[in-house]
>>> print(open('my_file.cif').read())   # mmCIF, C-alpha atoms
data_data
loop_
_atom_site.label_atom_id
_atom_site.label_comp_id
_atom_site.auth_asym_id
_atom_site.auth_seq_id
_atom_site.Cartn_x
_atom_site.Cartn_y
_atom_site.Cartn_z
CA MET A 433 1.52 2.59 -19.11
CA THR A 434 2.93 -0.79 -18.17
CA PRO A 435 6.58 -1.42 -18.94
CA THR A 436 7.04 -2.74 -22.45
CA SER A 437 7.88 -6.43 -22.50
CA ILE A 438 11.60 -6.83 -23.11
CA SER A 439 10.93 -9.42 -25.78
CA GLN A 440 9.24 -6.67 -27.79
CA ALA A 441 11.55 -3.86 -26.88
CA LEU A 442 14.98 -5.35 -27.19
CA PRO A 443 16.87 -7.03 -29.98
CA ALA A 444 18.78 -10.21 -29.15
CA THR A 445 22.27 -9.29 -27.95
CA GLY A 446 23.88 -12.61 -28.81
CA ARG A 447 24.50 -13.68 -25.21
CA GLY A 448 22.47 -16.80 -24.43
CA ARG A 449 19.63 -17.80 -26.73
CA PRO A 450 17.20 -14.83 -26.87
CA GLY A 451 19.94 -12.66 -25.43
CA TYR A 452 18.81 -11.23 -22.10
CA SER A 453 21.30 -9.22 -20.10
CA ARG A 454 21.43 -9.66 -16.33
CA ALA A 455 19.67 -6.30 -15.84
CA GLN A 456 16.90 -7.33 -18.23
CA VAL A 457 16.37 -10.65 -16.46
CA ILE A 458 16.10 -8.86 -13.11
CA SER A 459 13.78 -6.16 -14.48
CA GLU A 460 11.44 -8.71 -16.06
CA ALA A 461 11.48 -10.83 -12.89
CA VAL A 462 10.40 -7.82 -10.80
CA ASN A 463 7.45 -7.17 -13.13
CA GLU A 464 6.48 -10.83 -12.78
CA PHE A 465 6.74 -10.69 -8.96
CA ASN A 466 4.53 -7.58 -8.90
CA ALA A 467 1.93 -9.11 -11.21
CA HIS A 468 1.63 -12.49 -9.51
CA GLY A 469 3.35 -12.26 -6.15
CA TYR A 470 6.96 -13.00 -5.20
CA GLU A 471 6.19 -16.29 -3.51
CA ALA A 472 3.93 -17.51 -6.31
CA THR A 473 6.65 -16.95 -8.93
CA SER A 474 9.25 -19.70 -9.34
CA MET A 475 12.40 -19.63 -11.45
CA GLY A 476 10.51 -22.09 -13.68
CA THR A 477 7.58 -19.69 -14.17
CA LEU A 478 10.02 -16.91 -14.87
CA ALA A 479 11.96 -18.91 -17.48
CA LYS A 480 8.67 -19.78 -19.20
CA ARG A 481 7.64 -16.13 -19.29
CA LEU A 482 10.97 -15.05 -20.75
CA GLY A 483 10.93 -17.90 -23.21
CA ILE A 484 14.32 -19.16 -22.07
CA THR A 485 15.56 -22.10 -20.02
CA LYS A 486 16.03 -22.03 -16.27
CA SER A 487 19.77 -22.54 -16.77
CA ALA A 488 19.85 -19.40 -18.94
CA ILE A 489 18.51 -17.48 -15.91
CA TYR A 490 20.98 -19.17 -13.56
CA HIS A 491 23.69 -17.96 -15.94
CA HIS A 492 22.92 -14.45 -14.60
CA VAL A 493 21.65 -14.91 -11.04
CA THR A 494 22.11 -17.63 -8.44
CA SER A 495 18.62 -17.46 -6.90
CA LYS A 496 15.22 -15.80 -6.82
CA GLU A 497 16.33 -14.18 -3.58
CA GLU A 498 19.29 -12.54 -5.34
CA ILE A 499 16.86 -10.87 -7.74
CA LEU A 500 14.71 -9.62 -4.86
CA GLN A 501 17.76 -8.34 -3.03
CA GLU A 502 19.20 -6.47 -6.01
CA ALA A 503 15.86 -4.86 -6.95
CA THR A 504 14.92 -3.75 -3.44
CA ASP A 505 18.50 -2.57 -2.82
CA LEU A 506 18.17 -0.21 -5.79
CA ALA A 507 14.95 1.26 -4.35
CA LEU A 508 16.31 1.43 -0.79
CA THR A 509 19.67 2.96 -1.73
CA SER A 510 17.94 5.68 -3.75
CA LEU A 511 15.54 6.46 -0.89
CA GLU A 512 18.37 6.43 1.67
CA GLU A 513 20.31 8.91 -0.44
CA ILE A 514 17.31 11.26 -0.52
CA SER A 515 16.89 10.83 3.25
CA THR A 516 20.55 11.72 3.86
CA GLU A 517 20.42 14.66 1.46
CA ALA A 518 17.26 15.95 3.14
CA TRP A 519 19.06 16.39 6.45
CA GLU A 520 21.84 18.29 4.64
CA GLN A 521 19.46 20.85 3.09
CA THR A 522 19.71 24.40 4.34
CA GLY A 523 16.51 26.39 4.92
CA GLY A 524 15.27 24.71 8.08
CA PRO A 525 13.38 21.51 8.96
CA LYS A 526 10.24 22.36 6.96
CA ALA A 527 12.28 22.79 3.80
CA GLN A 528 14.03 19.49 4.60
CA LEU A 529 10.65 17.79 4.98
CA VAL A 530 9.50 19.12 1.61
CA PHE A 531 12.77 17.93 0.05
CA LEU A 532 12.24 14.44 1.50
CA ILE A 533 8.63 14.22 0.29
CA LYS A 534 9.41 15.44 -3.23
CA GLY A 535 12.61 13.41 -3.48
CA SER A 536 10.89 10.21 -2.37
CA ILE A 537 8.19 10.75 -5.00
CA ALA A 538 10.85 11.25 -7.67
CA VAL A 539 12.51 7.95 -6.67
CA LEU A 540 9.14 6.18 -6.64
CA CYS A 541 8.19 7.44 -10.11
CA GLU A 542 11.62 6.53 -11.52
CA HIS A 543 11.83 3.08 -9.91
CA LYS A 544 8.14 2.27 -9.52
CA ALA A 545 8.49 -1.50 -10.04
CA GLN A 546 11.30 -1.83 -7.48
CA VAL A 547 9.52 0.33 -4.88
CA THR A 548 6.28 -1.62 -5.44
CA LEU A 549 8.15 -4.87 -4.77
CA LEU A 550 9.73 -3.34 -1.66
CA LEU A 551 6.36 -2.26 -0.25
CA ARG A 552 4.82 -5.71 -0.71
CA LEU A 553 7.46 -7.70 1.13
CA ARG A 554 6.05 -9.98 3.80
CA GLY A 555 9.22 -11.04 5.60
CA ASN A 556 9.30 -14.69 4.60
CA SER A 557 13.06 -14.78 3.93
CA GLU A 558 16.30 -13.23 5.20
CA ALA A 559 16.55 -10.88 2.20
CA GLU A 560 12.99 -9.66 2.82
CA LEU A 561 13.61 -9.11 6.54
CA GLU A 562 16.77 -7.13 5.80
CA ALA A 563 14.96 -4.92 3.27
CA MET A 564 12.07 -4.38 5.70
CA LYS A 565 14.58 -3.34 8.38
CA ARG A 566 16.05 -0.70 6.06
CA ARG A 567 12.51 0.45 5.22
CA ARG A 568 11.74 0.90 8.92
CA GLU A 569 14.90 3.01 9.28
CA LEU A 570 13.66 5.28 6.49
CA THR A 571 10.35 5.70 8.33
CA ARG A 572 12.27 6.42 11.54
CA ALA A 573 14.30 9.14 9.75
CA MET A 574 11.05 10.70 8.47
CA ILE A 575 9.58 10.71 11.98
CA ASP A 576 12.79 12.27 13.35
CA LEU A 577 12.49 15.05 10.78
CA VAL A 578 8.85 15.65 11.77
CA VAL A 579 9.91 15.87 15.45
CA HIS A 580 12.76 18.21 14.49
CA ALA A 581 10.35 20.50 12.56
CA GLN A 582 7.87 20.44 15.45
CA GLU A 583 10.57 21.38 17.98
CA ALA A 584 11.75 24.19 15.71
CA GLY A 585 8.17 25.52 15.65
CA GLU A 586 8.04 25.21 11.86
CA ILE A 587 5.08 22.81 11.79
CA ARG A 588 2.19 22.31 14.21
CA PRO A 589 3.31 20.50 17.35
CA ASP A 590 -0.03 18.97 18.38
CA LEU A 591 -0.12 15.95 16.04
CA ASP A 592 1.63 12.70 17.01
CA ALA A 593 4.95 12.66 15.09
CA GLY A 594 4.93 8.86 14.74
CA VAL A 595 1.49 8.86 13.12
CA VAL A 596 2.31 11.90 10.96
CA GLY A 597 5.57 10.36 9.68
CA ARG A 598 3.85 7.08 8.82
CA LEU A 599 0.94 8.90 7.14
CA ILE A 600 3.36 10.96 5.03
CA PHE A 601 5.08 7.82 3.74
CA GLY A 602 1.65 6.21 3.26
CA THR A 603 0.58 9.17 1.14
CA VAL A 604 3.78 9.04 -0.93
CA ASN A 605 3.77 5.25 -1.27
CA SER A 606 0.18 5.19 -2.53
CA LEU A 607 1.62 6.39 -5.84
CA THR A 608 2.77 2.81 -6.55
CA ASP A 609 -0.95 2.04 -6.78
CA TRP A 610 -1.96 4.70 -9.28
CA TYR A 611 0.96 6.66 -10.75
CA GLU A 612 1.42 5.96 -14.44
CA ALA A 613 4.37 7.26 -16.44
CA GLY A 614 3.09 9.52 -19.20
CA GLY A 615 -0.15 10.24 -17.33
CA LYS A 616 -1.95 13.59 -17.11
CA LEU A 617 0.40 15.02 -14.46
CA THR A 618 4.19 14.86 -14.41
CA PRO A 619 6.02 13.39 -11.40
CA GLU A 620 7.01 16.96 -10.47
CA GLU A 621 3.38 18.15 -10.50
CA ILE A 622 2.28 15.19 -8.38
CA ALA A 623 5.17 15.87 -5.98
CA ASP A 624 4.13 19.53 -5.70
CA THR A 625 0.49 18.58 -5.02
CA THR A 626 1.50 16.01 -2.42
CA ALA A 627 3.87 18.40 -0.62
CA GLU A 628 1.18 21.09 -0.64
CA LEU A 629 -1.39 18.68 0.75
CA VAL A 630 0.90 17.49 3.54
CA LEU A 631 2.16 20.94 4.49
CA SER A 632 -0.93 23.08 4.03
CA GLY A 633 -3.82 20.63 3.78
CA LEU A 634 -7.07 21.29 1.95
CA LYS A 635 -8.03 24.35 3.98
CA THR A 636 -8.93 27.38 1.90
CA ALA A 637 -6.51 30.30 2.11
CA THR A 638 -9.25 32.55 3.50
CA PRO A 639 -11.84 31.00 5.79
CA SER A 640 -15.02 30.17 3.89
CA THR A 641 -18.31 31.50 5.21
CA MET B 904 -0.54 -7.47 17.62
CA THR B 905 -1.11 -10.23 15.11
CA PRO B 906 -4.43 -12.05 15.33
CA THR B 907 -4.24 -14.97 17.72
CA SER B 908 -4.20 -18.29 15.91
CA ILE B 909 -7.65 -19.82 16.10
CA SER B 910 -6.13 -23.14 17.09
CA GLN B 911 -4.93 -21.46 20.29
CA ALA B 912 -7.91 -19.22 20.84
CA LEU B 913 -10.85 -21.46 20.20
CA PRO B 914 -11.98 -24.73 21.70
CA ALA B 915 -13.14 -27.43 19.33
CA THR B 916 -16.82 -26.90 18.63
CA GLY B 917 -17.54 -30.49 17.71
CA ARG B 918 -18.20 -29.87 14.01
CA GLY B 919 -15.58 -31.65 11.89
CA ARG B 920 -12.40 -32.85 13.57
CA PRO B 921 -10.82 -29.76 15.19
CA GLY B 922 -14.13 -27.98 14.83
CA TYR B 923 -13.69 -24.89 12.69
CA SER B 924 -16.77 -22.90 11.76
CA ARG B 925 -17.05 -21.48 8.24
CA ALA B 926 -16.26 -17.99 9.54
CA GLN B 927 -13.15 -19.28 11.29
CA VAL B 928 -11.91 -21.06 8.18
CA ILE B 929 -12.36 -17.88 6.14
CA SER B 930 -10.72 -15.69 8.78
CA GLU B 931 -7.70 -17.98 9.07
CA ALA B 932 -7.42 -18.22 5.29
CA VAL B 933 -7.32 -14.43 4.98
CA ASN B 934 -4.47 -14.24 7.51
CA GLU B 935 -2.61 -16.89 5.52
CA PHE B 936 -3.17 -15.00 2.22
CA ASN B 937 -1.86 -11.80 3.81
CA ALA B 938 1.21 -13.52 5.26
CA HIS B 939 2.26 -15.46 2.18
CA GLY B 940 0.30 -14.08 -0.77
CA TYR B 941 -3.05 -15.16 -2.19
CA GLU B 942 -1.58 -16.93 -5.21
CA ALA B 943 1.10 -18.72 -3.20
CA THR B 944 -1.49 -20.21 -0.82
CA SER B 945 -3.25 -23.36 -1.97
CA MET B 946 -6.15 -25.14 -0.29
CA GLY B 947 -3.56 -27.80 0.58
CA THR B 948 -1.29 -25.27 2.35
CA LEU B 949 -4.30 -23.90 4.15
CA ALA B 950 -5.47 -27.34 5.35
CA LYS B 951 -1.94 -28.05 6.61
CA ARG B 952 -1.86 -24.77 8.52
CA LEU B 953 -5.25 -25.43 10.13
CA GLY B 954 -4.30 -29.00 10.90
CA ILE B 955 -7.34 -30.37 9.09
CA THR B 956 -7.93 -32.16 5.80
CA LYS B 957 -8.69 -30.42 2.54
CA SER B 958 -12.14 -32.03 2.50
CA ALA B 959 -12.85 -30.48 5.91
CA ILE B 960 -12.26 -27.07 4.28
CA TYR B 961 -14.39 -27.98 1.27
CA HIS B 962 -17.14 -28.81 3.76
CA HIS B 963 -17.38 -25.05 4.33
CA VAL B 964 -16.30 -23.37 1.06
CA THR B 965 -16.23 -24.51 -2.54
CA SER B 966 -13.03 -22.73 -3.60
CA LYS B 967 -10.18 -20.42 -2.66
CA GLU B 968 -11.89 -17.77 -4.77
CA GLU B 969 -15.05 -18.01 -2.64
CA ILE B 970 -12.97 -17.16 0.43
CA LEU B 971 -11.42 -14.17 -1.35
CA GLN B 972 -14.81 -13.00 -2.54
CA GLU B 973 -16.46 -13.24 0.88
CA ALA B 974 -13.60 -11.48 2.69
CA THR B 975 -13.22 -8.63 0.21
CA ASP B 976 -17.01 -8.26 0.00
CA LEU B 977 -17.10 -7.63 3.76
CA ALA B 978 -14.48 -4.86 3.41
CA LEU B 979 -16.07 -3.36 0.31
CA THR B 980 -19.64 -3.40 1.63
CA SER B 981 -18.53 -1.64 4.82
CA LEU B 982 -16.61 0.99 2.85
CA GLU B 983 -19.50 1.47 0.41
CA GLU B 984 -21.87 2.05 3.33
CA ILE B 985 -19.57 4.75 4.72
CA SER B 986 -19.31 6.31 1.26
CA THR B 987 -23.12 6.43 0.91
CA GLU B 988 -23.58 7.75 4.45
CA ALA B 989 -20.98 10.45 3.79
CA TRP B 990 -23.07 11.95 0.99
CA GLU B 991 -26.10 11.97 3.31
CA GLN B 992 -24.36 13.99 6.04
CA THR B 993 -25.57 17.49 6.63
CA GLY B 994 -23.05 20.26 7.31
CA GLY B 995 -21.64 20.68 3.81
CA PRO B 996 -19.07 18.93 1.63
CA LYS B 997 -16.11 19.48 3.98
CA ALA B 998 -17.99 17.78 6.83
CA GLN B 999 -18.88 14.96 4.42
CA LEU B 1000 -15.20 14.59 3.49
CA VAL B 1001 -14.23 14.38 7.16
CA PHE B 1002 -16.96 11.78 7.73
CA LEU B 1003 -15.66 9.69 4.82
CA ILE B 1004 -12.03 9.85 6.01
CA LYS B 1005 -12.86 8.99 9.63
CA GLY B 1006 -15.41 6.33 8.66
CA SER B 1007 -13.01 4.63 6.25
CA ILE B 1008 -10.36 4.50 8.98
CA ALA B 1009 -12.87 2.95 11.40
CA VAL B 1010 -13.68 0.23 8.83
CA LEU B 1011 -10.00 -0.36 8.18
CA CYS B 1012 -9.17 -0.72 11.87
CA GLU B 1013 -12.13 -3.05 12.43
CA HIS B 1014 -11.55 -5.22 9.35
CA LYS B 1015 -7.82 -4.76 8.87
CA ALA B 1016 -7.15 -8.26 7.48
CA GLN B 1017 -9.95 -8.03 4.91
CA VAL B 1018 -8.97 -4.51 3.80
CA THR B 1019 -5.32 -5.58 3.56
CA LEU B 1020 -6.32 -8.47 1.29
CA LEU B 1021 -8.44 -6.09 -0.79
CA LEU B 1022 -5.57 -3.63 -1.29
CA ARG B 1023 -3.17 -6.35 -2.45
CA LEU B 1024 -5.31 -7.82 -5.20
CA ARG B 1025 -3.56 -8.08 -8.53
CA GLY B 1026 -6.46 -8.91 -10.81
CA ASN B 1027 -5.53 -12.47 -11.71
CA SER B 1028 -9.09 -13.84 -11.40
CA GLU B 1029 -12.69 -12.76 -11.97
CA ALA B 1030 -13.33 -12.29 -8.24
CA GLU B 1031 -10.26 -10.05 -7.98
CA LEU B 1032 -11.25 -7.98 -11.00
CA GLU B 1033 -14.78 -7.49 -9.61
CA ALA B 1034 -13.42 -6.38 -6.21
CA MET B 1035 -10.95 -4.01 -7.89
CA LYS B 1036 -13.81 -2.50 -9.90
CA ARG B 1037 -15.75 -1.78 -6.68
CA ARG B 1038 -12.58 -0.31 -5.18
CA ARG B 1039 -12.20 2.05 -8.14
CA GLU B 1040 -15.82 3.18 -7.66
CA LEU B 1041 -15.01 4.06 -4.03
CA THR B 1042 -12.04 6.14 -5.23
CA ARG B 1043 -14.30 7.81 -7.80
CA ALA B 1044 -16.83 8.70 -5.08
CA MET B 1045 -14.02 10.21 -2.98
CA ILE B 1046 -12.83 12.29 -5.95
CA ASP B 1047 -16.42 13.44 -6.62
CA LEU B 1048 -16.66 14.60 -3.02
CA VAL B 1049 -13.39 16.52 -3.35
CA VAL B 1050 -14.71 18.21 -6.53
CA HIS B 1051 -17.99 18.99 -4.75
CA ALA B 1052 -16.13 20.57 -1.81
CA GLN B 1053 -13.91 22.55 -4.18
CA GLU B 1054 -16.91 23.87 -6.12
CA ALA B 1055 -18.63 24.84 -2.86
CA GLY B 1056 -15.51 26.83 -1.95
CA GLU B 1057 -15.05 24.78 1.22
CA ILE B 1058 -11.58 23.49 0.33
CA ARG B 1059 -8.84 24.97 -1.83
CA PRO B 1060 -9.66 24.69 -5.53
CA ASP B 1061 -6.12 24.76 -6.93
CA LEU B 1062 -5.10 21.12 -6.33
CA ASP B 1063 -6.02 18.41 -8.86
CA ALA B 1064 -9.07 16.60 -7.43
CA GLY B 1065 -8.06 13.26 -8.92
CA VAL B 1066 -4.64 13.36 -7.30
CA VAL B 1067 -6.06 14.66 -4.01
CA GLY B 1068 -8.73 11.92 -3.85
CA ARG B 1069 -6.17 9.19 -4.54
CA LEU B 1070 -3.71 10.65 -2.03
CA ILE B 1071 -6.43 10.74 0.66
CA PHE B 1072 -7.21 7.05 0.16
CA GLY B 1073 -3.47 6.35 0.03
CA THR B 1074 -3.04 8.08 3.37
CA VAL B 1075 -5.95 6.16 4.91
CA ASN B 1076 -4.94 2.82 3.38
CA SER B 1077 -1.38 3.08 4.69
CA LEU B 1078 -2.85 2.12 8.06
CA THR B 1079 -2.98 -1.51 6.88
CA ASP B 1080 0.81 -1.31 6.97
CA TRP B 1081 1.27 -0.02 10.50
CA TYR B 1082 -1.96 0.15 12.54
CA GLU B 1083 -1.95 -2.31 15.40
CA ALA B 1084 -5.01 -2.95 17.55
CA GLY B 1085 -4.18 -2.05 21.14
CA GLY B 1086 -1.35 0.28 20.08
CA LYS B 1087 -0.50 3.66 21.62
CA LEU B 1088 -3.30 5.52 19.85
CA THR B 1089 -6.93 4.43 19.45
CA PRO B 1090 -8.52 4.19 15.99
CA GLU B 1091 -10.45 7.38 16.84
CA GLU B 1092 -7.25 9.28 17.69
CA ILE B 1093 -5.58 8.10 14.48
CA ALA B 1094 -8.69 9.09 12.51
CA ASP B 1095 -8.64 12.57 14.11
CA THR B 1096 -4.94 13.03 13.30
CA THR B 1097 -5.43 11.87 9.71
CA ALA B 1098 -8.45 14.13 9.13
CA GLU B 1099 -6.55 17.07 10.63
CA LEU B 1100 -3.53 16.37 8.43
CA VAL B 1101 -5.63 16.14 5.26
CA LEU B 1102 -7.78 19.16 6.02
CA SER B 1103 -5.32 21.52 7.64
CA GLY B 1104 -1.89 20.09 6.87
CA LEU B 1105 1.19 20.59 9.01
CA LYS B 1106 1.19 24.38 8.77
CA THR B 1107 1.43 26.15 12.10
CA ALA B 1108 -1.65 28.11 13.16
CA THR B 1109 0.33 31.35 13.11
CA PRO B 1110 3.03 31.76 10.46
CA SER B 1111 6.48 31.03 11.87
CA THR B 1112 9.19 33.59 11.33
#
>>> encode(input="my_file.cif", output="structure tokens")
Amino acid sequence: MTPTSISQALPATGRGRPGYSRAQVISEAVNEFNAHGYEATSMGTLAKRLGITKSAIYHHVTSKEEILQEATDLALTSLEEISTEAWEQTGGPKAQLVFLIKGSIAVLCEHKAQVTLLLRLRGNSEAELEAMKRRRELTRAMIDLVVHAQEAGEIRPDLDAGVVGRLIFGTVNSLTDWYEAGGKLTPEEIADTTAELVLSGLKTATPST
Amino acid sequence: MTPTSISQALPATGRGRPGYSRAQVISEAVNEFNAHGYEATSMGTLAKRLGITKSAIYHHVTSKEEILQEATDLALTSLEEISTEAWEQTGGPKAQLVFLIKGSIAVLCEHKAQVTLLLRLRGNSEAELEAMKRRRELTRAMIDLVVHAQEAGEIRPDLDAGVVGRLIFGTVNSLTDWYEAGGKLTPEEIADTTAELVLSGLKTATPST
């Protein structure tokens, strides 16, 4: 399901003409960026879509870049929290890895629009470069955890940790492409399947003949 | 490594002012779309970047959409060939799955720019919608192969085939984000690691204590 348009979902609040809150303006802007591209969306386009004037948007935010920054910061902060919590989990590196995979999927399903925006950044502004730097640090933390689990003998040591870490995030991030809230499987079921796939693969429990 | 700018790499061929062939115009356009977004790139922007006039571009292609169509068709045709060949492999469904994973990675590494463009389409034009339809058929063929392998008892039957198929393509497609030609690992080594991860996961050969 696509997010319901705020003009349908929300009554006017009395602030400004159709009454968009700052959070609503940012949320709608992110949907617009994802549908048509960040660079292709101007504050003018956005105002037109919301049915308000540009100055009504500038009442809430100073620039398009501020919207990008706030939305990607929400996604990044949530993912960074999961990354920090993962390292604090007891039960060994493999359990920490599972926590990180499942936690990242939970963040992605909860903040799909913001994570989608984050993953599509191209680095054409300072705000984008800063967000991409934080994203690289998350990947680095994932790779460190893979190395840690390999050294502890909890996962196979023969695969390149850099490639494995990137592939794990690639697997998780692909959900922005196809996860739909209210779909056949819950976020928890998808997280379980993904963790199973990464940890145990598709191999049958007993060798097939 | 980013692709070398054609203005640096290629001598003027004598056709038009700086002498771009049709293939070179399309290739440079795809790089520009990937760097700044398809919708944010106009024929005017493109001409400016190539240092030629708009009419010099129109000498080769009739529209921006024609460029998109030709580039994504190259990626899709290559992936469709691998998908067809996979089903023709002998050795059972698991071997076919491995062929499809490794073959898709080979296509992605060879045509990274075109696959990247394909994966970022948002469906805002007929050409985009048509390419996205062909992409969905590739995902469907992957899911069918997973079902086939599950029914043959060659891979574990307990994971949802739809989720598994999408996660496999997600894993493969993440290479557009981080694969660099001439990097530490060859495309073949990355393909081997990815196939190993999908098939056997990170589980150690002998259970750890």
>>> interface_residues(input="my_file.cif", of="chain A", to="chain B", cutoff="7 Å", atoms="only C-alpha atoms", output="list of chain:residue names")
A:Ala467, A:His468, A:Gly469, A:Glu471, A:Ala472, A:Arg554, A:Gly585, A:Glu586, A:Ile587, A:Arg588, A:Leu591, A:Leu599, A:Gly602, A:Thr603, A:Ser606, A:Thr625, A:Leu629, A:Val630, A:Leu631, A:Ser632, A:Gly633, A:Leu634, A:Lys635, A:Thr636, A:Ser640
>>> resolve_selection(input="my_file.cif", expression="the PyMOL selection byres ((chain A and resi 562) around 12)", output="list of chain:residue names")
A:Glu497, A:Leu500, A:Gln501, A:Thr504, A:Asp505, A:Leu508, A:Leu550, A:Leu553, A:Arg554, A:Gly555, A:Asn556, A:Ser557, A:Glu558, A:Ala559, A:Glu560, A:Leu561, A:Ala563, A:Met564, A:Lys565, A:Arg566, A:Arg567, A:Arg568, A:Glu569
>>> resolve_selection(input="my_file.cif", expression="the PyMOL selection byres ((chain A and resi 535-544) around 8)", output="NGL selection string")
:A and (507 or 510-511 or 514 or 531-534 or 545-548 or 604-605 or 607-608 or 611 or 613 or 619-620 or 623)
>>> resolve_selection(input="my_file.cif", expression="the PyMOL selection byres ((chain A and resi 455-464) around 10)", output="number ranges by chain")
A: 434-439, 442, 451-454, 465-470, 472-475, 477-479, 481-482, 488-489, 492-493, 496, 498-500, 502-504, 545-546, 548-549
>>> write_last_selection(input="my_file.cif", atoms="C-alpha atoms", output="PDB file, in the frame of the given file")
ATOM      1  CA  THR A 434       2.930  -0.790 -18.170  1.00  0.00           C
ATOM      2  CA  PRO A 435       6.580  -1.420 -18.940  1.00  0.00           C
ATOM      3  CA  THR A 436       7.040  -2.740 -22.450  1.00  0.00           C
ATOM      4  CA  SER A 437       7.880  -6.430 -22.500  1.00  0.00           C
ATOM      5  CA  ILE A 438      11.600  -6.830 -23.110  1.00  0.00           C
ATOM      6  CA  SER A 439      10.930  -9.420 -25.780  1.00  0.00           C
ATOM      7  CA  LEU A 442      14.980  -5.350 -27.190  1.00  0.00           C
ATOM      8  CA  GLY A 451      19.940 -12.660 -25.430  1.00  0.00           C
ATOM      9  CA  TYR A 452      18.810 -11.230 -22.100  1.00  0.00           C
ATOM     10  CA  SER A 453      21.300  -9.220 -20.100  1.00  0.00           C
ATOM     11  CA  ARG A 454      21.430  -9.660 -16.330  1.00  0.00           C
ATOM     12  CA  PHE A 465       6.740 -10.690  -8.960  1.00  0.00           C
ATOM     13  CA  ASN A 466       4.530  -7.580  -8.900  1.00  0.00           C
ATOM     14  CA  ALA A 467       1.930  -9.110 -11.210  1.00  0.00           C
ATOM     15  CA  HIS A 468       1.630 -12.490  -9.510  1.00  0.00           C
ATOM     16  CA  GLY A 469       3.350 -12.260  -6.150  1.00  0.00           C
ATOM     17  CA  TYR A 470       6.960 -13.000  -5.200  1.00  0.00           C
ATOM     18  CA  ALA A 472       3.930 -17.510  -6.310  1.00  0.00           C
ATOM     19  CA  THR A 473       6.650 -16.950  -8.930  1.00  0.00           C
ATOM     20  CA  SER A 474       9.250 -19.700  -9.340  1.00  0.00           C
ATOM     21  CA  MET A 475      12.400 -19.630 -11.450  1.00  0.00           C
ATOM     22  CA  THR A 477       7.580 -19.690 -14.170  1.00  0.00           C
ATOM     23  CA  LEU A 478      10.020 -16.910 -14.870  1.00  0.00           C
ATOM     24  CA  ALA A 479      11.960 -18.910 -17.480  1.00  0.00           C
ATOM     25  CA  ARG A 481       7.640 -16.130 -19.290  1.00  0.00           C
ATOM     26  CA  LEU A 482      10.970 -15.050 -20.750  1.00  0.00           C
ATOM     27  CA  ALA A 488      19.850 -19.400 -18.940  1.00  0.00           C
ATOM     28  CA  ILE A 489      18.510 -17.480 -15.910  1.00  0.00           C
ATOM     29  CA  HIS A 492      22.920 -14.450 -14.600  1.00  0.00           C
ATOM     30  CA  VAL A 493      21.650 -14.910 -11.040  1.00  0.00           C
ATOM     31  CA  LYS A 496      15.220 -15.800  -6.820  1.00  0.00           C
ATOM     32  CA  GLU A 498      19.290 -12.540  -5.340  1.00  0.00           C
ATOM     33  CA  ILE A 499      16.860 -10.870  -7.740  1.00  0.00           C
ATOM     34  CA  LEU A 500      14.710  -9.620  -4.860  1.00  0.00           C
ATOM     35  CA  GLU A 502      19.200  -6.470  -6.010  1.00  0.00           C
ATOM     36  CA  ALA A 503      15.860  -4.860  -6.950  1.00  0.00           C
ATOM     37  CA  THR A 504      14.920  -3.750  -3.440  1.00  0.00           C
ATOM     38  CA  ALA A 545       8.490  -1.500 -10.040  1.00  0.00           C
ATOM     39  CA  GLN A 546      11.300  -1.830  -7.480  1.00  0.00           C
ATOM     40  CA  THR A 548       6.280  -1.620  -5.440  1.00  0.00           C
ATOM     41  CA  LEU A 549       8.150  -4.870  -4.770  1.00  0.00           C
TER      42      LEU A 549
END
>>> atom_distance(input="my_file.cif", atom1="atom CA of Ala593 of chain A", atom2="atom CA of Gly1068 of chain B")
23.4 Å
>>> atom_distance(input="my_file.cif", atom1="atom CA of Gly524 of chain A", atom2="atom CA of Lys1087 of chain B")
29.6 Å
>>> atom_distance(input="my_file.cif", atom1="atom CA of Gln528 of chain A", atom2="atom CA of Gly614 of chain A")
28.0 Å
>>> decode(input="my_file.cif", residues="segment 970-976 of chain B", atoms="N, CA and C atoms", output="PDB file, in the first residue's frame")
ATOM      1  N   ILE B 970      16.855   7.024 -25.351  1.00  0.00           N
ATOM      2  CA  ILE B 970      18.113   6.653 -24.681  1.00  0.00           C
ATOM      3  C   ILE B 970      17.834   5.679 -23.540  1.00  0.00           C
ATOM      4  N   LEU B 971      16.824   6.033 -22.718  1.00  0.00           N
ATOM      5  CA  LEU B 971      16.448   5.170 -21.593  1.00  0.00           C
ATOM      6  C   LEU B 971      16.076   3.778 -22.079  1.00  0.00           C
ATOM      7  N   GLN B 972      15.268   3.760 -23.127  1.00  0.00           N
ATOM      8  CA  GLN B 972      14.772   2.499 -23.659  1.00  0.00           C
ATOM      9  C   GLN B 972      15.925   1.619 -24.166  1.00  0.00           C
ATOM     10  N   GLU B 973      16.842   2.221 -24.907  1.00  0.00           N
ATOM     11  CA  GLU B 973      17.946   1.447 -25.477  1.00  0.00           C
ATOM     12  C   GLU B 973      18.878   0.919 -24.376  1.00  0.00           C
ATOM     13  N   ALA B 974      19.148   1.749 -23.387  1.00  0.00           N
ATOM     14  CA  ALA B 974      20.059   1.334 -22.307  1.00  0.00           C
ATOM     15  C   ALA B 974      19.437   0.237 -21.448  1.00  0.00           C
ATOM     16  N   THR B 975      18.172   0.422 -21.055  1.00  0.00           N
ATOM     17  CA  THR B 975      17.552  -0.592 -20.197  1.00  0.00           C
ATOM     18  C   THR B 975      17.273  -1.869 -20.989  1.00  0.00           C
ATOM     19  N   ASP B 976      17.033  -1.728 -22.302  1.00  0.00           N
ATOM     20  CA  ASP B 976      16.818  -2.918 -23.126  1.00  0.00           C
ATOM     21  C   ASP B 976      18.083  -3.787 -23.164  1.00  0.00           C
TER      22      ASP B 976
END
